[in-house]
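Accompanying notes for the structure given below.
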Amino acid sequence: MTRFERLRSSLRAELEPYPGRMSGTMIDTLSMVLALVIAETLRVPGIALALALILLLQRESPGTTFRNVLQIFAGAAAACAVALFWVQLTDGTEVFRFIGFVLVVFTAGFCMAGTRYPLFFTLFGFYSFVNLAGWDTHRSANAVVTATLFNMASLAIALGTAGAVNFLFGSRHPAEELQSEMNRRLELLAAFHRELSSTTRTSNVSRLHQRVVQYAHAGDIRLNQLYEELRSSSPDRLPLGMRFRISLLTRVLERSSVLGFVSTTECSGHLRIAELCEHILNPGKPRPPQPNKHTSTQLREIFAELSRYEEATDDARSSEDAPVVPPTSWRIFHSDAFTSPDAVLYSLKLTLSCVICYILYNAIAWPGILTCVVTVLFTGLSSTGAMKQKQLYRLAGAAIGGALAILVESLLFPNMDSVTSLVLVAAAVCMASAWISRSPGIGYVGVQIAFAFFLTDLPGFGPASQIAPARDRVIGIALGVLVMWFVFDQIWPTRPSDALESIRSRVQNNLKLLSTQSLSRETLSAMRAEVSSDMAQMQNLISSAWFDFSADQHRELARSRRITRQTEAAAAEFYSHLHRLRQHPSHSG
């Protein structure tokens, strides 16, 4: 298979439908179209910037959507207040405005890395820069303040519309739906491996394998959405170690999807995996023995991960009647935010990159490429692999969205004379962007397509006549990527395995505290929330390791896999200890 064929196959897999994708796409499309119509009707400028932020919500559940709406709007409101206060305090002096920009970016970067609310601080940094950059245009104070407030009004319209639509059409029973989704995957794995255990393959294998591949490519998006909704709306019904089980089940599906492409004669190994899945679904069935030493490594690893899943499931079942540890916590910072240098180093790198970009685009007096700073804020992730992955998607999305905007502006706008035609065109782009944004791997491309299209073709209330925004956006993103490559990859590289090692250290430290100290229920709640968040972040880091192109990539991947296994073992032991504390609450303080 050539590289082009592999790329085409990967793109096809990314864009294939999976359970819940179409409904989520329609919800996002309806939210963006309604927000556009309301903004056009009320004549509120700035909606182009706010529309694409709806895709950052990407939730079908009302509770989680509401929480993300609050984070985004609160971050933007805080940025607006800080920018206006700082300009008023310093009388708009350029030197002090630059100092304020540096302080804001450093604070946002530290809190993005060191707190449990990175979305809030990402939007805080983004809108702080947008608001402060407005004063660089040397327009009147009244014009700058008016534009800032209109941006807040358009954001309120977009987020309010998205929240209302998700409330009307979102999931109402996340606990039952989450368990149903988990069981559906286990039933599929059982049927698939039982078919593979047969000496003669039937046509049913191809059908089952296609479904396994679908779920594998879908990843844990839908499961994590339901988990977050359950955590926010019904915390008392949240099973113990559910995030851990989600990550295990997702990886089992990924490993199983690969096995369907190769012929195998290891019937006994597949049969034991199928029987273990059936035992997890129905504990009354006998548990199969461990695979023998002649079984392949891939099958033994799948069996081992399902065994961990089984242990976590048994702990959750046996603790259903035990006193519940509240899963919510008011802890803001990670446990190692002020003891580990990671957050400070990350914020320093982010600030240096932003300052270089800020100075460059002001020095050459090209305000259109201010997206170089925005690129740093949105793609400056903790590891070089995750950073390169997001930068690649951002650049690709900006190019596609810009080209699409130019085509629409050149071919369709001259023949459009009503809001209805504008809404229909925008709805088509919204639907395509929303569909792509729900891809398990390239979802960020869809967000960037929407940003590039809206910022180019919706500059105001009249027909767009300039294509410069699309060009400037791509150039600005390219400049930001170049600066970040120099700072993040050449001066201070942080490989995915380094970020995974930090997660492993946090999980092992929580396990140590849980095993050696008597802790309050509030502390146990905070520790559980941190471990759950780390397990979700670990999945993203594992996939991003493939994008860390370097001479030691193979060694980096091997190290990442080793650290992942150690982290999962520590997480399994953590949940086991937590289960015992739930059964004997007198030991937990």
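Ligands are numbered from 1 in the order shown, chains are lettered A, B, ... in the order of the structure tokens, and residues start at 1 in each chain.
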So that I can see what lies close to Cys111 in chain A, please list as a PDB file with C-alpha atoms, in the first residue's frame the residues with an atom at most 8 Å from it, counting only C-alpha atoms and leaving out residues fewer than 4 positions away in the same chain.
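Written output follows (around17.pdb):
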ATOM      1  CA  THR A 107      -0.630  33.589  33.939  1.00  0.00           C
ATOM      2  CA  THR A 115      -5.172  23.599  36.822  1.00  0.00           C
ATOM      3  CA  TYR A 117      -9.769  24.112  33.952  1.00  0.00           C
ATOM      4  CA  PRO A 118      -7.512  24.594  30.903  1.00  0.00           C
ATOM      5  CA  PHE A 121      -7.652  29.877  30.904  1.00  0.00           C
ATOM      6  CA  PHE A 333      -4.795  23.267  40.819  1.00  0.00           C
ATOM      7  CA  ALA A 343       3.855  24.306  34.729  1.00  0.00           C
TER       8      ALA A 343
END
Q: Mind checking which residues fall within 7 Å of range 22-27 of chain A, counting only C-alpha atoms, ignoring those fewer than 3 positions away in the same chain, and posting them as number ranges by chain?
A: A: 30-31, 60, 165-166, 431, 434-435
Q. Leaving out range 346-354 of chain A and any residue of its chain fewer than 3 positions from it, which residues lie within 7 Å of it when counting only C-alpha atoms, given as a PyMOL selection string?
A. chain A and resi 102+105-106+109-110+342-343+357-358+373+376+380+382+483-484+487-488
Can you write out the residues you just picked, keeping N, CA and C atoms, as a CSV table (one decimal), in the first residue's frame?
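What ended up in result23.csv:
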chain,number,residue,atom,x,y,z
A,102,VAL,N,2.3,40.4,28.4
A,102,VAL,CA,3.2,39.3,28.9
A,102,VAL,C,2.7,38.7,30.2
A,105,VAL,N,-0.4,36.4,29.4
A,105,VAL,CA,0.0,35.2,28.7
A,105,VAL,C,0.7,34.2,29.7
A,106,PHE,N,1.6,34.7,30.5
A,106,PHE,CA,2.3,33.9,31.5
A,106,PHE,C,1.3,33.3,32.5
A,109,GLY,N,-0.8,30.7,30.7
A,109,GLY,CA,0.0,29.5,30.4
A,109,GLY,C,0.2,28.6,31.6
A,110,PHE,N,0.5,29.3,32.8
A,110,PHE,CA,0.7,28.5,34.0
A,110,PHE,C,-0.6,27.8,34.4
A,342,ASP,N,7.2,21.8,35.9
A,342,ASP,CA,6.6,21.6,34.5
A,342,ASP,C,5.7,22.8,34.2
A,343,ALA,N,4.8,23.2,35.1
A,343,ALA,CA,3.9,24.3,34.7
A,343,ALA,C,4.6,25.6,34.5
A,357,CYS,N,6.2,36.4,18.5
A,357,CYS,CA,5.2,36.6,17.4
A,357,CYS,C,4.6,38.0,17.5
A,358,TYR,N,4.3,38.5,18.7
A,358,TYR,CA,3.8,39.8,18.9
A,358,TYR,C,4.7,40.9,18.4
A,373,VAL,N,0.0,34.7,17.1
A,373,VAL,CA,-0.1,34.7,18.6
A,373,VAL,C,-1.2,33.7,19.0
A,376,VAL,N,-0.1,30.1,18.9
A,376,VAL,CA,0.7,29.7,20.1
A,376,VAL,C,-0.2,29.4,21.2
A,380,GLY,N,-0.1,25.5,21.8
A,380,GLY,CA,1.1,25.3,22.6
A,380,GLY,C,0.7,24.3,23.7
A,382,SER,N,1.4,20.6,26.1
A,382,SER,CA,2.5,20.3,27.0
A,382,SER,C,3.6,19.5,26.3
A,483,VAL,N,7.8,29.7,14.9
A,483,VAL,CA,8.3,30.2,16.2
A,483,VAL,C,8.2,29.1,17.2
A,484,MET,N,7.1,28.4,17.3
A,484,MET,CA,7.0,27.4,18.3
A,484,MET,C,7.9,26.2,18.0
A,487,VAL,N,11.1,27.4,19.7
A,487,VAL,CA,11.1,27.5,21.1
A,487,VAL,C,10.8,26.1,21.8
A,488,PHE,N,9.7,25.5,21.3
A,488,PHE,CA,9.2,24.3,22.0
A,488,PHE,C,10.0,23.0,21.6
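Residues with any atom within 8 Å of His217 in chain A, counting only C-alpha atoms and excluding same-chain neighbours fewer than 3 positions away, are Ala13, Glu14, Val213, Gln214, Glu254, Pro440 and Gly441 of chain A.
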Q: Among the residues of range 271-494 of chain A, find those DSSP assigns to helix (DSSP H, G or I) from the backbone and print them as a ChimeraX atom specification.
A: /A:271-281,297-318,342-363,367-369,371-379,384-415,419-437,443-457,468-491
Within 12 Å of range 125-144 of chain A, which residues of range 6-84 of chain A come that close, and what is the closest atom pair and distance in Å for each? Count only C-alpha atoms and give it as a Markdown table.
| residue | atom | partner | partner_atom | distance |
| --- | --- | --- | --- | --- |
| A:Leu49 | CA | A:Tyr127 | CA | 10.6 |
| A:Ala50 | CA | A:Tyr127 | CA | 11.1 |
| A:Leu53 | CA | A:Phe126 | CA | 11.8 |
| A:Ile72 | CA | A:Tyr127 | CA | 10.1 |
| A:Phe73 | CA | A:Tyr127 | CA | 10.2 |
| A:Ala74 | CA | A:Tyr127 | CA | 10.8 |
| A:Gly75 | CA | A:Tyr127 | CA | 7.9 |
| A:Ala76 | CA | A:Tyr127 | CA | 5.6 |
| A:Ala77 | CA | A:Tyr127 | CA | 8.5 |
| A:Ala78 | CA | A:Ser128 | CA | 8.4 |
| A:Ala79 | CA | A:Ser128 | CA | 4.6 |
| A:Cys80 | CA | A:Ser128 | CA | 6.5 |
| A:Ala81 | CA | A:Ser128 | CA | 8.9 |
| A:Val82 | CA | A:Ser128 | CA | 7.4 |
| A:Ala83 | CA | A:Ser128 | CA | 6.0 |
| A:Leu84 | CA | A:Asn131 | CA | 8.2 |
Only N, CA and C atoms, please: the residues just picked out, written as an mmCIF file, in the first residue's frame.
data_model
loop_
_atom_site.group_PDB
_atom_site.id
_atom_site.type_symbol
_atom_site.label_atom_id
_atom_site.label_comp_id
_atom_site.auth_asym_id
_atom_site.auth_seq_id
_atom_site.Cartn_x
_atom_site.Cartn_y
_atom_site.Cartn_z
ATOM 1 N N LEU A 49 -16.322 35.460 14.986
ATOM 2 C CA LEU A 49 -15.351 34.936 15.939
ATOM 3 C C LEU A 49 -15.979 33.955 16.907
ATOM 4 N N ALA A 50 -17.267 34.159 17.206
ATOM 5 C CA ALA A 50 -17.920 33.351 18.237
ATOM 6 C C ALA A 50 -18.497 32.045 17.708
ATOM 7 N N LEU A 53 -16.512 28.781 18.057
ATOM 8 C CA LEU A 53 -16.294 28.333 19.434
ATOM 9 C C LEU A 53 -17.366 27.347 19.881
ATOM 10 N N ILE A 72 -16.123 28.975 29.006
ATOM 11 C CA ILE A 72 -15.751 29.819 27.873
ATOM 12 C C ILE A 72 -16.183 31.269 28.105
ATOM 13 N N PHE A 73 -17.431 31.457 28.526
ATOM 14 C CA PHE A 73 -17.919 32.829 28.691
ATOM 15 C C PHE A 73 -17.239 33.509 29.877
ATOM 16 N N ALA A 74 -17.023 32.772 30.960
ATOM 17 C CA ALA A 74 -16.350 33.366 32.120
ATOM 18 C C ALA A 74 -14.908 33.736 31.773
ATOM 19 N N GLY A 75 -14.229 32.879 30.988
ATOM 20 C CA GLY A 75 -12.869 33.208 30.571
ATOM 21 C C GLY A 75 -12.830 34.466 29.713
ATOM 22 N N ALA A 76 -13.786 34.593 28.779
ATOM 23 C CA ALA A 76 -13.846 35.779 27.927
ATOM 24 C C ALA A 76 -14.212 37.022 28.729
ATOM 25 N N ALA A 77 -15.157 36.890 29.676
ATOM 26 C CA ALA A 77 -15.563 38.039 30.492
ATOM 27 C C ALA A 77 -14.422 38.504 31.388
ATOM 28 N N ALA A 78 -13.703 37.545 31.991
ATOM 29 C CA ALA A 78 -12.555 37.906 32.827
ATOM 30 C C ALA A 78 -11.490 38.611 31.997
ATOM 31 N N ALA A 79 -11.263 38.135 30.762
ATOM 32 C CA ALA A 79 -10.285 38.765 29.890
ATOM 33 C C ALA A 79 -10.699 40.188 29.535
ATOM 34 N N CYS A 80 -11.977 40.379 29.262
ATOM 35 C CA CYS A 80 -12.492 41.712 28.937
ATOM 36 C C CYS A 80 -12.281 42.671 30.113
ATOM 37 N N ALA A 81 -12.607 42.201 31.319
ATOM 38 C CA ALA A 81 -12.453 43.050 32.507
ATOM 39 C C ALA A 81 -10.984 43.383 32.762
ATOM 40 N N VAL A 82 -10.109 42.385 32.653
ATOM 41 C CA VAL A 82 -8.683 42.609 32.904
ATOM 42 C C VAL A 82 -8.097 43.573 31.878
ATOM 43 N N ALA A 83 -8.449 43.391 30.586
ATOM 44 C CA ALA A 83 -7.908 44.266 29.541
ATOM 45 C C ALA A 83 -8.350 45.714 29.745
ATOM 46 N N LEU A 84 -9.629 45.931 30.021
ATOM 47 C CA LEU A 84 -10.120 47.293 30.212
ATOM 48 C C LEU A 84 -9.520 47.921 31.465
#
Q | Distance query Phe454 in chain A at most 10 Å, only C-alpha atoms, self and fewer than 6 positions along chain excluded, as a PyMOL selection string | A | chain A and resi 47-52+401-402+405+426+429-430+448+470
Q.
as a VMD selection string, please: the residues near His294 in chain A (cut-off 12 Å, only C-alpha atoms, same-chain neighbours under 3 positions excluded).
A. chain A and resid 265 to 269 290 to 291 297 to 300
Written selection (N, CA and C atoms) as a short mmCIF file (atom, residue, chain, number, x, y, z; two decimals), in the first residue's frame:
data_model
loop_
_atom_site.label_atom_id
_atom_site.label_comp_id
_atom_site.auth_asym_id
_atom_site.auth_seq_id
_atom_site.Cartn_x
_atom_site.Cartn_y
_atom_site.Cartn_z
N THR A 265 -4.03 -18.42 13.35
CA THR A 265 -4.39 -19.81 13.68
C THR A 265 -4.51 -19.99 15.19
N GLU A 266 -4.44 -18.86 15.94
CA GLU A 266 -4.49 -18.95 17.41
C GLU A 266 -5.94 -18.94 17.87
N CYS A 267 -6.63 -19.99 17.60
CA CYS A 267 -8.07 -20.04 17.90
C CYS A 267 -8.32 -20.00 19.41
N SER A 268 -7.48 -20.69 20.19
CA SER A 268 -7.72 -20.75 21.64
C SER A 268 -7.59 -19.38 22.28
N GLY A 269 -6.63 -18.55 21.81
CA GLY A 269 -6.46 -17.22 22.37
C GLY A 269 -7.68 -16.34 22.12
N GLN A 290 -6.02 -18.14 31.89
CA GLN A 290 -5.08 -17.29 31.18
C GLN A 290 -4.63 -17.96 29.87
N PRO A 291 -4.33 -17.17 28.83
CA PRO A 291 -3.81 -17.77 27.60
C PRO A 291 -2.48 -18.48 27.87
N THR A 297 1.76 -12.22 21.58
CA THR A 297 1.84 -11.10 22.52
C THR A 297 0.60 -10.22 22.43
N GLN A 298 0.11 -10.00 21.19
CA GLN A 298 -1.06 -9.13 21.03
C GLN A 298 -2.27 -9.68 21.77
N LEU A 299 -2.50 -10.98 21.65
CA LEU A 299 -3.67 -11.57 22.32
C LEU A 299 -3.49 -11.58 23.83
N ARG A 300 -2.27 -11.82 24.31
CA ARG A 300 -2.04 -11.80 25.76
C ARG A 300 -2.24 -10.40 26.32
#
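Across A:Leu155, A:Leu249, A:Arg528, A:Leu186, the tightest approach to Gly46 in chain A is made by A:Leu155 when counting only C-alpha atoms.
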Q: Pick out the residues sitting within 12 Å of Ala164 in chain A, and hand them over as a PyMOL selection string; count only C-alpha atoms, and ignore anything fewer than 2 positions along from it in its own chain.
A: chain A and resi 27-28+30-32+34-35+60-63+65-66+69+156-162+166-170
